[in-house]
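Below is upload11.cif, which holds mmCIF, C-alpha atoms (C1' of nucleotides).
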data_my_file
loop_
_atom_site.label_atom_id
_atom_site.label_comp_id
_atom_site.auth_asym_id
_atom_site.auth_seq_id
_atom_site.Cartn_x
_atom_site.Cartn_y
_atom_site.Cartn_z
CA MET A 1184 23.76 18.49 16.00
CA LYS A 1185 21.54 15.61 15.08
CA HIS A 1186 20.03 14.88 11.70
CA GLU A 1187 22.51 16.93 9.71
CA PRO A 1188 22.45 14.75 6.59
CA GLU A 1189 18.66 14.61 6.46
CA LEU A 1190 18.46 18.31 7.09
CA HIS A 1191 20.70 19.04 4.15
CA ALA A 1192 18.70 16.76 1.94
CA VAL A 1193 15.56 18.72 2.72
CA GLU A 1194 17.39 21.99 2.22
CA ALA A 1195 18.59 20.86 -1.19
CA GLY A 1196 15.14 19.64 -2.12
CA LEU A 1197 13.42 22.87 -1.17
CA ARG A 1198 16.02 24.99 -2.88
CA GLN A 1199 15.55 22.94 -5.98
CA ARG A 1200 11.88 23.77 -5.84
CA GLY A 1201 12.78 27.45 -5.73
CA CYS A 1202 12.09 27.87 -2.03
CA ARG A 1203 14.32 29.84 0.29
CA TRP A 1204 16.05 28.22 3.18
CA THR A 1205 15.35 30.21 6.30
CA THR A 1206 16.26 29.84 9.95
CA GLN A 1207 12.65 28.99 10.72
CA ARG A 1208 12.40 26.29 8.09
CA ALA A 1209 15.60 24.73 9.32
CA LEU A 1210 14.27 24.78 12.86
CA ILE A 1211 10.93 23.34 11.87
CA VAL A 1212 12.46 20.56 9.81
CA ARG A 1213 15.00 19.75 12.49
CA THR A 1214 12.25 19.62 15.06
CA ALA A 1215 10.08 17.43 12.86
CA LEU A 1216 13.00 15.08 12.35
CA GLY A 1217 13.54 14.78 16.05
CA THR A 1218 9.89 14.40 16.90
CA HIS A 1219 8.15 11.19 17.68
CA ASP A 1220 6.58 9.88 14.56
CA HIS A 1221 3.06 11.18 14.68
CA PHE A 1222 2.62 14.82 15.56
CA THR A 1223 -0.01 17.52 15.09
CA ALA A 1224 0.72 21.00 13.78
CA GLU A 1225 0.27 22.32 17.30
CA ASP A 1226 2.70 19.76 18.75
CA LEU A 1227 5.30 20.85 16.30
CA LEU A 1228 4.73 24.51 17.02
CA LEU A 1229 5.20 24.00 20.73
CA ARG A 1230 8.38 22.07 20.25
CA CYS A 1231 9.76 24.67 17.88
CA ARG A 1232 8.97 27.38 20.38
CA LYS A 1233 11.17 25.72 22.95
CA ALA A 1234 14.06 26.60 20.69
CA ASP A 1235 12.68 29.89 19.45
CA PRO A 1236 9.58 31.28 21.19
CA GLN A 1237 9.12 33.71 18.31
CA VAL A 1238 8.12 31.13 15.75
CA SER A 1239 4.70 31.84 14.42
CA ARG A 1240 1.93 29.32 14.21
CA ALA A 1241 1.30 30.49 10.67
CA THR A 1242 4.85 29.71 9.69
CA VAL A 1243 4.55 26.19 10.99
CA TYR A 1244 1.36 25.63 9.05
CA ARG A 1245 2.83 27.18 5.94
CA THR A 1246 6.02 25.18 6.21
CA LEU A 1247 4.11 21.97 6.75
CA GLN A 1248 2.25 22.64 3.54
CA VAL A 1249 5.48 23.16 1.66
CA LEU A 1250 7.04 20.06 3.17
CA GLU A 1251 4.00 17.97 2.43
CA GLN A 1252 3.92 19.13 -1.15
CA ALA A 1253 7.60 18.39 -1.50
CA GLY A 1254 6.98 14.94 -0.04
CA TYR A 1255 9.07 15.27 3.10
CA VAL A 1256 6.09 15.10 5.34
CA GLU A 1257 2.98 13.03 5.07
CA GLY A 1258 -0.43 13.64 6.50
CA LEU A 1259 -1.81 10.76 8.54
CA GLU A 1260 -5.41 10.03 9.17
CA THR A 1261 -5.98 8.93 12.68
CA GLY A 1262 -9.68 8.64 12.18
CA ASP A 1263 -10.39 10.43 15.43
CA GLY A 1264 -10.56 13.77 13.70
CA GLY A 1265 -7.10 14.99 14.63
CA ARG A 1266 -4.83 15.70 11.70
CA ARG A 1267 -1.35 14.34 12.21
CA PHE A 1268 1.86 14.28 10.29
CA GLU A 1269 4.92 12.17 10.09
CA HIS A 1270 8.13 12.92 8.29
CA THR A 1271 9.16 10.55 5.56
CA ILE A 1272 12.78 11.58 5.58
CA GLY A 1273 15.23 8.76 5.90
CA HIS A 1274 12.70 6.15 6.71
CA SER A 1275 11.09 4.22 3.97
CA HIS A 1276 7.40 4.11 3.34
CA HIS A 1277 5.29 1.94 5.56
CA ASP A 1278 1.68 1.41 6.43
CA HIS A 1279 0.02 1.35 9.82
CA MET A 1280 -1.94 -1.02 11.98
CA VAL A 1281 -3.83 0.84 14.63
CA CYS A 1282 -4.99 -1.01 17.73
CA GLU A 1283 -8.37 0.29 18.71
CA GLN A 1284 -8.01 -1.17 22.17
CA CYS A 1285 -4.70 0.19 23.40
CA GLY A 1286 -3.97 2.79 20.73
CA ALA A 1287 -0.69 1.25 19.69
CA ILE A 1288 0.42 1.99 16.17
CA GLU A 1289 2.38 -0.74 14.47
CA GLU A 1290 4.18 -0.14 11.23
CA PHE A 1291 4.52 -2.68 8.47
CA HIS A 1292 5.42 -2.92 4.85
CA ASP A 1293 4.53 -5.35 2.12
CA PRO A 1294 5.90 -4.76 -1.39
CA GLU A 1295 3.41 -7.16 -2.90
CA LEU A 1296 0.61 -5.07 -1.44
CA GLU A 1297 2.01 -2.01 -3.15
CA ARG A 1298 2.26 -3.86 -6.42
CA ARG A 1299 -1.41 -4.76 -6.26
CA GLN A 1300 -2.25 -1.15 -5.65
CA GLU A 1301 -0.27 -0.07 -8.68
CA LEU A 1302 -2.07 -2.72 -10.64
CA ALA A 1303 -5.49 -1.62 -9.56
CA ALA A 1304 -4.62 1.98 -10.37
CA ALA A 1305 -3.17 1.11 -13.76
CA LYS A 1306 -6.38 -0.69 -14.64
CA VAL A 1307 -8.33 2.56 -14.53
CA GLY A 1308 -5.53 4.86 -15.64
CA PHE A 1309 -5.00 6.39 -12.24
CA ARG A 1310 -1.51 7.66 -11.47
CA ILE A 1311 -0.59 7.18 -7.81
CA THR A 1312 1.60 9.73 -6.12
CA ARG A 1313 1.15 8.45 -2.60
CA HIS A 1314 -1.17 6.28 -0.61
CA SER A 1315 -2.39 5.65 2.87
CA LEU A 1316 -3.29 2.25 4.21
CA ARG A 1317 -4.44 1.70 7.73
CA LEU A 1318 -5.66 -1.46 9.34
CA TYR A 1319 -7.79 -1.01 12.42
CA GLY A 1320 -8.40 -3.73 14.95
CA LEU A 1321 -6.66 -5.45 17.83
CA CYS A 1322 -2.93 -5.81 18.20
CA ALA A 1323 -1.53 -9.19 19.14
CA GLY A 1324 -1.49 -8.37 22.83
CA CYS A 1325 -5.02 -7.07 23.01
CA ALA A 1326 -6.38 -9.81 20.77
CA LYS A 1327 -4.98 -12.46 23.08
CA ARG A 1328 -6.18 -10.69 26.18
CA ARG A 1329 -9.65 -10.11 24.88
CA GLY A 1330 -10.52 -12.17 21.89
CA GLY A 1331 -8.22 -15.16 22.27
CA GLY A 1332 -10.82 -17.63 23.50
CA GLY A 1333 -14.27 -16.53 22.61
CA ARG A 1334 -16.07 -13.44 23.82
CA MET B 1300 -40.38 6.59 0.13
CA LYS B 1301 -36.96 5.38 -0.75
CA HIS B 1302 -34.60 3.39 1.43
CA GLU B 1303 -37.24 2.06 3.77
CA PRO B 1304 -35.49 -1.23 4.54
CA GLU B 1305 -32.14 0.40 5.26
CA LEU B 1306 -33.80 3.05 7.33
CA HIS B 1307 -35.44 0.42 9.51
CA ALA B 1308 -32.17 -1.41 9.90
CA VAL B 1309 -30.56 1.73 11.25
CA GLU B 1310 -33.52 2.42 13.46
CA ALA B 1311 -33.31 -1.07 14.93
CA GLY B 1312 -29.59 -0.74 15.41
CA LEU B 1313 -29.79 2.56 17.20
CA ARG B 1314 -32.64 1.42 19.42
CA GLN B 1315 -30.63 -1.61 20.35
CA ARG B 1316 -27.88 0.73 21.48
CA GLY B 1317 -30.37 2.49 23.70
CA CYS B 1318 -30.78 5.51 21.45
CA ARG B 1319 -34.06 7.18 20.72
CA TRP B 1320 -35.43 7.32 17.26
CA THR B 1321 -36.44 10.87 16.48
CA THR B 1322 -37.85 12.65 13.46
CA GLN B 1323 -34.51 14.38 12.98
CA ARG B 1324 -32.48 11.20 13.07
CA ALA B 1325 -34.80 9.60 10.58
CA LEU B 1326 -34.46 12.61 8.33
CA ILE B 1327 -30.69 12.70 8.65
CA VAL B 1328 -30.29 9.00 7.96
CA ARG B 1329 -32.69 9.10 5.05
CA THR B 1330 -30.81 12.06 3.64
CA ALA B 1331 -27.46 10.38 4.10
CA LEU B 1332 -28.77 7.29 2.35
CA GLY B 1333 -29.94 9.35 -0.58
CA THR B 1334 -26.84 11.47 -0.78
CA HIS B 1335 -24.02 10.98 -3.19
CA ASP B 1336 -21.41 8.89 -1.51
CA HIS B 1337 -19.01 11.40 -0.09
CA PHE B 1338 -20.51 14.28 1.80
CA THR B 1339 -19.35 16.75 4.39
CA ALA B 1340 -21.27 17.54 7.54
CA GLU B 1341 -22.25 20.84 6.00
CA ASP B 1342 -23.48 19.17 2.80
CA LEU B 1343 -25.67 16.92 4.81
CA LEU B 1344 -27.02 19.79 6.88
CA LEU B 1345 -28.01 21.75 3.79
CA ARG B 1346 -29.75 18.77 2.27
CA CYS B 1347 -31.59 18.06 5.46
CA ARG B 1348 -32.71 21.66 5.65
CA LYS B 1349 -34.41 21.35 2.30
CA ALA B 1350 -36.81 18.98 3.99
CA ASP B 1351 -36.86 20.71 7.36
CA PRO B 1352 -35.23 24.15 7.59
CA GLN B 1353 -35.30 23.86 11.34
CA VAL B 1354 -32.70 21.14 11.62
CA SER B 1355 -29.78 22.27 13.66
CA ARG B 1356 -26.17 22.00 12.60
CA ALA B 1357 -25.41 20.62 16.04
CA THR B 1358 -27.92 17.84 15.60
CA VAL B 1359 -26.33 16.79 12.33
CA TYR B 1360 -22.90 16.68 13.91
CA ARG B 1361 -24.19 14.82 16.95
CA THR B 1362 -26.09 12.34 14.84
CA LEU B 1363 -23.08 11.73 12.61
CA GLN B 1364 -21.10 10.85 15.70
CA VAL B 1365 -23.71 8.37 16.80
CA LEU B 1366 -23.96 6.84 13.35
CA GLU B 1367 -20.21 6.58 13.02
CA GLN B 1368 -19.90 4.88 16.39
CA ALA B 1369 -22.64 2.48 15.45
CA GLY B 1370 -20.84 1.76 12.20
CA TYR B 1371 -23.45 3.05 9.80
CA VAL B 1372 -21.29 5.87 8.63
CA GLU B 1373 -17.59 6.03 8.01
CA GLY B 1374 -15.38 9.08 8.16
CA LEU B 1375 -13.24 9.69 5.13
CA GLU B 1376 -10.38 12.08 5.04
CA THR B 1377 -9.73 13.50 1.66
CA GLY B 1378 -6.38 14.84 2.68
CA ASP B 1379 -7.26 18.37 1.66
CA GLY B 1380 -8.46 19.14 5.14
CA GLY B 1381 -12.13 18.56 4.53
CA ARG B 1382 -13.69 15.78 6.54
CA ARG B 1383 -16.11 13.68 4.59
CA PHE B 1384 -18.40 10.80 5.33
CA GLU B 1385 -19.98 7.98 3.49
CA HIS B 1386 -22.67 5.65 4.66
CA THR B 1387 -21.83 1.98 4.78
CA ILE B 1388 -25.38 0.81 4.72
CA GLY B 1389 -26.16 -1.70 2.06
CA HIS B 1390 -23.11 -1.18 -0.04
CA SER B 1391 -20.12 -3.39 0.19
CA HIS B 1392 -16.68 -2.34 1.21
CA HIS B 1393 -14.48 -0.54 -1.25
CA ASP B 1394 -11.36 1.57 -1.27
CA HIS B 1395 -10.80 4.98 -2.78
CA MET B 1396 -8.62 6.73 -5.29
CA VAL B 1397 -8.56 10.45 -4.72
CA CYS B 1398 -7.55 12.78 -7.54
CA GLU B 1399 -5.52 15.61 -6.11
CA GLN B 1400 -6.08 17.68 -9.21
CA CYS B 1401 -9.83 17.68 -9.67
CA GLY B 1402 -10.95 16.16 -6.39
CA ALA B 1403 -12.74 13.24 -8.00
CA ILE B 1404 -13.08 10.16 -5.83
CA GLU B 1405 -13.07 6.84 -7.59
CA GLU B 1406 -14.00 3.63 -5.84
CA PHE B 1407 -12.41 0.28 -6.42
CA HIS B 1408 -12.17 -3.11 -4.86
CA ASP B 1409 -9.58 -5.84 -5.08
CA PRO B 1410 -10.10 -9.03 -3.08
CA GLU B 1411 -6.49 -10.02 -3.54
CA LEU B 1412 -5.44 -6.78 -1.94
CA GLU B 1413 -7.57 -7.60 1.07
CA ARG B 1414 -6.08 -11.05 1.28
CA ARG B 1415 -2.59 -9.61 1.43
CA GLN B 1416 -3.68 -7.33 4.21
CA GLU B 1417 -5.04 -10.23 6.19
CA LEU B 1418 -1.80 -12.05 5.57
CA ALA B 1419 0.35 -9.17 6.77
CA ALA B 1420 -1.81 -8.83 9.86
CA ALA B 1421 -1.75 -12.54 10.60
CA LYS B 1422 2.02 -12.48 10.45
CA VAL B 1423 2.18 -10.24 13.50
CA GLY B 1424 -0.94 -11.51 15.21
CA PHE B 1425 -3.00 -8.43 14.47
CA ARG B 1426 -6.74 -8.91 14.19
CA ILE B 1427 -8.31 -6.57 11.61
CA THR B 1428 -11.79 -5.23 12.19
CA ARG B 1429 -11.75 -2.68 9.40
CA HIS B 1430 -9.34 -0.85 7.19
CA SER B 1431 -8.93 2.23 5.11
CA LEU B 1432 -6.94 2.35 1.91
CA ARG B 1433 -6.66 5.48 -0.08
CA LEU B 1434 -4.58 6.11 -3.19
CA TYR B 1435 -3.78 9.73 -3.96
CA GLY B 1436 -2.66 11.02 -7.31
CA LEU B 1437 -4.12 11.92 -10.67
CA CYS B 1438 -7.23 10.40 -12.16
CA ALA B 1439 -7.11 9.20 -15.75
CA GLY B 1440 -8.47 12.47 -17.05
CA CYS B 1441 -6.11 14.73 -15.16
CA ALA B 1442 -3.12 12.50 -15.81
CA LYS B 1443 -3.74 12.71 -19.51
CA ARG B 1444 -4.33 16.42 -19.41
CA ARG B 1445 -1.27 17.18 -17.36
CA GLY B 1446 1.20 14.37 -17.21
CA GLY B 1447 0.39 12.44 -20.33
CA GLY B 1448 3.75 12.80 -22.00
CA GLY B 1449 6.53 13.06 -19.53
CA ARG B 1450 7.02 14.94 -16.31
"C1'" DG C 1201 -43.07 11.89 34.27
"C1'" DT C 1202 -38.10 11.07 33.19
"C1'" DG C 1203 -34.38 11.83 30.62
"C1'" DC C 1204 -32.41 11.86 26.04
"C1'" DG C 1205 -32.34 14.73 22.02
"C1'" DT C 1206 -32.96 19.29 19.93
"C1'" DG C 1207 -32.26 24.21 18.62
"C1'" DC C 1208 -29.91 28.20 19.34
"C1'" DA C 1209 -26.11 30.87 20.07
"C1'" DA C 1210 -21.76 31.22 21.99
"C1'" DA C 1211 -17.41 28.95 22.76
"C1'" DA C 1212 -13.62 26.25 21.57
"C1'" DT C 1213 -10.61 24.49 17.83
"C1'" DA C 1214 -8.24 24.49 13.72
"C1'" DT C 1215 -6.46 26.70 9.76
"C1'" DT C 1216 -5.86 30.57 6.53
"C1'" DT C 1217 -4.94 35.28 5.09
"C1'" DG C 1218 -3.65 40.51 4.78
"C1'" DC C 1219 0.07 43.30 5.49
"C1'" DA C 1220 4.25 45.57 6.84
"C1'" DA C 1221 8.85 44.31 8.16
"C1'" DC C 1222 12.71 41.27 7.24
"C1'" DG C 1223 16.20 38.20 5.39
"C1'" DT C 1224 17.79 35.34 1.50
"C1'" DC C 1225 19.52 35.18 -2.88
"C1'" DG D 430 17.48 45.47 -4.58
"C1'" DA D 431 13.80 42.11 -5.49
"C1'" DC D 432 10.92 39.11 -3.77
"C1'" DG D 433 9.87 35.04 -1.08
"C1'" DT D 434 9.06 34.51 4.14
"C1'" DT D 435 7.81 35.78 8.61
"C1'" DG D 436 5.06 37.44 12.65
"C1'" DC D 437 1.10 39.25 14.17
"C1'" DA D 438 -3.59 39.63 14.43
"C1'" DA D 439 -7.79 39.25 12.38
"C1'" DA D 440 -10.60 36.45 9.42
"C1'" DT D 441 -12.41 31.84 8.24
"C1'" DA D 442 -13.77 27.32 8.87
"C1'" DT D 443 -15.09 23.60 11.55
"C1'" DT D 444 -16.80 21.25 15.48
"C1'" DT D 445 -18.33 21.31 20.27
"C1'" DT D 446 -20.90 22.87 24.26
"C1'" DG D 447 -24.34 25.12 27.74
"C1'" DC D 448 -28.91 25.59 28.50
"C1'" DA D 449 -33.91 25.67 28.32
"C1'" DC D 450 -37.48 23.26 26.05
"C1'" DG D 451 -39.76 19.34 23.73
"C1'" DC D 452 -40.61 14.69 22.54
"C1'" DA D 453 -39.85 9.58 22.75
"C1'" DC D 454 -40.51 6.03 25.78
#
Could you express the structure from this file as structure tokens?
Amino acid sequence: MKHEPELHAVEAGLRQRGCRWTTQRALIVRTALGTHDHFTAEDLLLRCRKADPQVSRATVYRTLQVLEQAGYVEGLETGDGGRRFEHTIGHSHHDHMVCEQCGAIEEFHDPELERRQELAAAKVGFRITRHSLRLYGLCAGCAKRRGGGGR
Amino acid sequence: MKHEPELHAVEAGLRQRGCRWTTQRALIVRTALGTHDHFTAEDLLLRCRKADPQVSRATVYRTLQVLEQAGYVEGLETGDGGRRFEHTIGHSHHDHMVCEQCGAIEEFHDPELERRQELAAAKVGFRITRHSLRLYGLCAGCAKRRGGGGR
DNA sequence: GTGCGTGCAAAATATTTGCAACGTC
DNA sequence: GACGTTGCAAATATTTTGCACGCAC
């Protein structure tokens, strides 16, 4: 089975937080791990149901809450109203560039950027637990196609 | 009346987009302008109803969509599920720190941070039109109260 | 007058909760 | 055996939509 090491890491983490490790949670986490980066609660439910049609919508929502609190899952803001998630297990933090033309989501990471954030927070005594940075605009392809010359 | 110049700017902008300028839209925009920065659709509705109890919830939602598309209003996502808005009329861009304990939203701005973003984008040929940066964690007050020492 | 915008209420979505049964520890 | 979890369905919350009427242009 795929994702065994990550799965066990989550199991250990949840247990440490005093949570129980149930068949459903294992299924949900495994499914989240194997799911394309940015999924909605409903997406996840449907995928889980392929493996076990019994899984309740409520359980998925509840588990997502637990996972988010424990830091294994992160809520994304797509801006279009839909709430989406991505798991943060086994892939380091990154930010997103969203192309408003073609919808592509590009990931990037800049440590210096993070340092500046810490700095800004420290200045006012704010303690960061997580952050979300999204750049909206045109990806390289679309920029060339549309905005390269003038327009 | 307050906010006359901004109000006219919005009016002009909407007209230019082929929209009609109605009593309700004027009321909604005026209310948004006079409202504390971060409001929900429901907040705005209630405030509008103080001036005109007739205003429909649907109209507020529809108008918010128009305003957001036109760029006069920006959707925020506080992460706690509630969708919030802030108007971008006449106040410069800033980012947000959201306290997950008490819900306070602090604004800040760091030009250097923006420069780094531009840099990261330039590196991959991405053309930024706007961005959203949110830091989540504990505000100074809550950090002191709860996490001051260790933990 | 034409057609967009509005109000109302109902519909569609999205998310949470009460409760009895169940499974983990 | 105790108690956190689950499934179900109902309750909430949030946003959208159909339709007749009214107002801006």
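From atom C1' of C:DT1206 back to atom CA of B:Arg1319, the distance works out to 12.2 Å.
Overlaying the C-alpha atoms of chain A on those of chain B by least squares yields an RMSD of 1.4 Å.
Here the PyMOL selection byres ((chain A) within 10 of (chain D)) captures the residues Gly1201, Cys1202, Arg1203, Trp1204, Thr1205, Gln1207, Arg1208, Gln1237, Val1238, Ser1239, Arg1240, Ala1241, Thr1242, Arg1245 and Gly1264 of chain A.
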**Message:** Which residues, named as in the file, does the PyMOL selection byres ((chain A) within 10 of (chain B)) pick out? Answer as a PyMOL selection string.
**Reply:** chain A and resi 1257-1264+1266+1278-1283+1289+1291-1293+1295-1327+1330
Go ahead and save the picked residues with C-alpha atoms, as a short mmCIF file (atom, residue, chain, number, x, y, z; two decimals), in the frame of the given file.
data_model
loop_
_atom_site.label_atom_id
_atom_site.label_comp_id
_atom_site.auth_asym_id
_atom_site.auth_seq_id
_atom_site.Cartn_x
_atom_site.Cartn_y
_atom_site.Cartn_z
CA GLU A 1257 2.98 13.03 5.07
CA GLY A 1258 -0.43 13.64 6.50
CA LEU A 1259 -1.81 10.76 8.54
CA GLU A 1260 -5.41 10.03 9.17
CA THR A 1261 -5.98 8.93 12.68
CA GLY A 1262 -9.68 8.64 12.18
CA ASP A 1263 -10.39 10.43 15.43
CA GLY A 1264 -10.56 13.77 13.70
CA ARG A 1266 -4.83 15.70 11.70
CA ASP A 1278 1.68 1.41 6.43
CA HIS A 1279 0.02 1.35 9.82
CA MET A 1280 -1.94 -1.02 11.98
CA VAL A 1281 -3.83 0.84 14.63
CA CYS A 1282 -4.99 -1.01 17.73
CA GLU A 1283 -8.37 0.29 18.71
CA GLU A 1289 2.38 -0.74 14.47
CA PHE A 1291 4.52 -2.68 8.47
CA HIS A 1292 5.42 -2.92 4.85
CA ASP A 1293 4.53 -5.35 2.12
CA GLU A 1295 3.41 -7.16 -2.90
CA LEU A 1296 0.61 -5.07 -1.44
CA GLU A 1297 2.01 -2.01 -3.15
CA ARG A 1298 2.26 -3.86 -6.42
CA ARG A 1299 -1.41 -4.76 -6.26
CA GLN A 1300 -2.25 -1.15 -5.65
CA GLU A 1301 -0.27 -0.07 -8.68
CA LEU A 1302 -2.07 -2.72 -10.64
CA ALA A 1303 -5.49 -1.62 -9.56
CA ALA A 1304 -4.62 1.98 -10.37
CA ALA A 1305 -3.17 1.11 -13.76
CA LYS A 1306 -6.38 -0.69 -14.64
CA VAL A 1307 -8.33 2.56 -14.53
CA GLY A 1308 -5.53 4.86 -15.64
CA PHE A 1309 -5.00 6.39 -12.24
CA ARG A 1310 -1.51 7.66 -11.47
CA ILE A 1311 -0.59 7.18 -7.81
CA THR A 1312 1.60 9.73 -6.12
CA ARG A 1313 1.15 8.45 -2.60
CA HIS A 1314 -1.17 6.28 -0.61
CA SER A 1315 -2.39 5.65 2.87
CA LEU A 1316 -3.29 2.25 4.21
CA ARG A 1317 -4.44 1.70 7.73
CA LEU A 1318 -5.66 -1.46 9.34
CA TYR A 1319 -7.79 -1.01 12.42
CA GLY A 1320 -8.40 -3.73 14.95
CA LEU A 1321 -6.66 -5.45 17.83
CA CYS A 1322 -2.93 -5.81 18.20
CA ALA A 1323 -1.53 -9.19 19.14
CA GLY A 1324 -1.49 -8.37 22.83
CA CYS A 1325 -5.02 -7.07 23.01
CA ALA A 1326 -6.38 -9.81 20.77
CA LYS A 1327 -4.98 -12.46 23.08
CA GLY A 1330 -10.52 -12.17 21.89
#
**Complete:** Here atom CA of A:Asp1226 and atom CA of A:Val1193 stand apart by 20.6 Å
**Request:** Determine the residue set returned by the PyMOL selection byres ((chain C) within 9 of (chain B)) for the present structure, and present it as a list in words.
**Result:** DC1204, DG1205, DT1206, DG1207 and DC1208 of chain C
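In this comparison, which uses all atoms listed in the file, the residue of C:DA1220, C:DC1225, C:DT1215, C:DG1201 approaching A:Leu1247 most closely is C:DT1215.
Here atom CA of B:Val1328 and atom CA of B:Leu1343 stand 9.7 Å from one another.
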**Asked** Any idea what's packed within 12 Å of B:Leu1345, counting only C-alpha atoms (C1' of nucleotides), ignoring anything in its chain fewer than 5 positions away? Could you give it as a PyMOL selection string?
**Response** chain B and resi 1327+1330-1331+1334+1338-1340+1350-1356+1359
Please determine an axis-aligned box that encloses all atoms of stretch 438-452 of chain D listed in the file, with 3 Å added on each side, and express its centre and edge lengths in Å to one decimal as JSON.
{"center_x": -22.1, "center_y": 27.2, "center_z": 18.4, "size_x": 43.0, "size_y": 30.9, "size_z": 26.3}
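Compared by their closest atoms to A:His1191, and using all atoms listed in the file, the residues A:Arg1232, A:Pro1294, A:Gln1248, A:Gly1273 rank with A:Gly1273 nearest.
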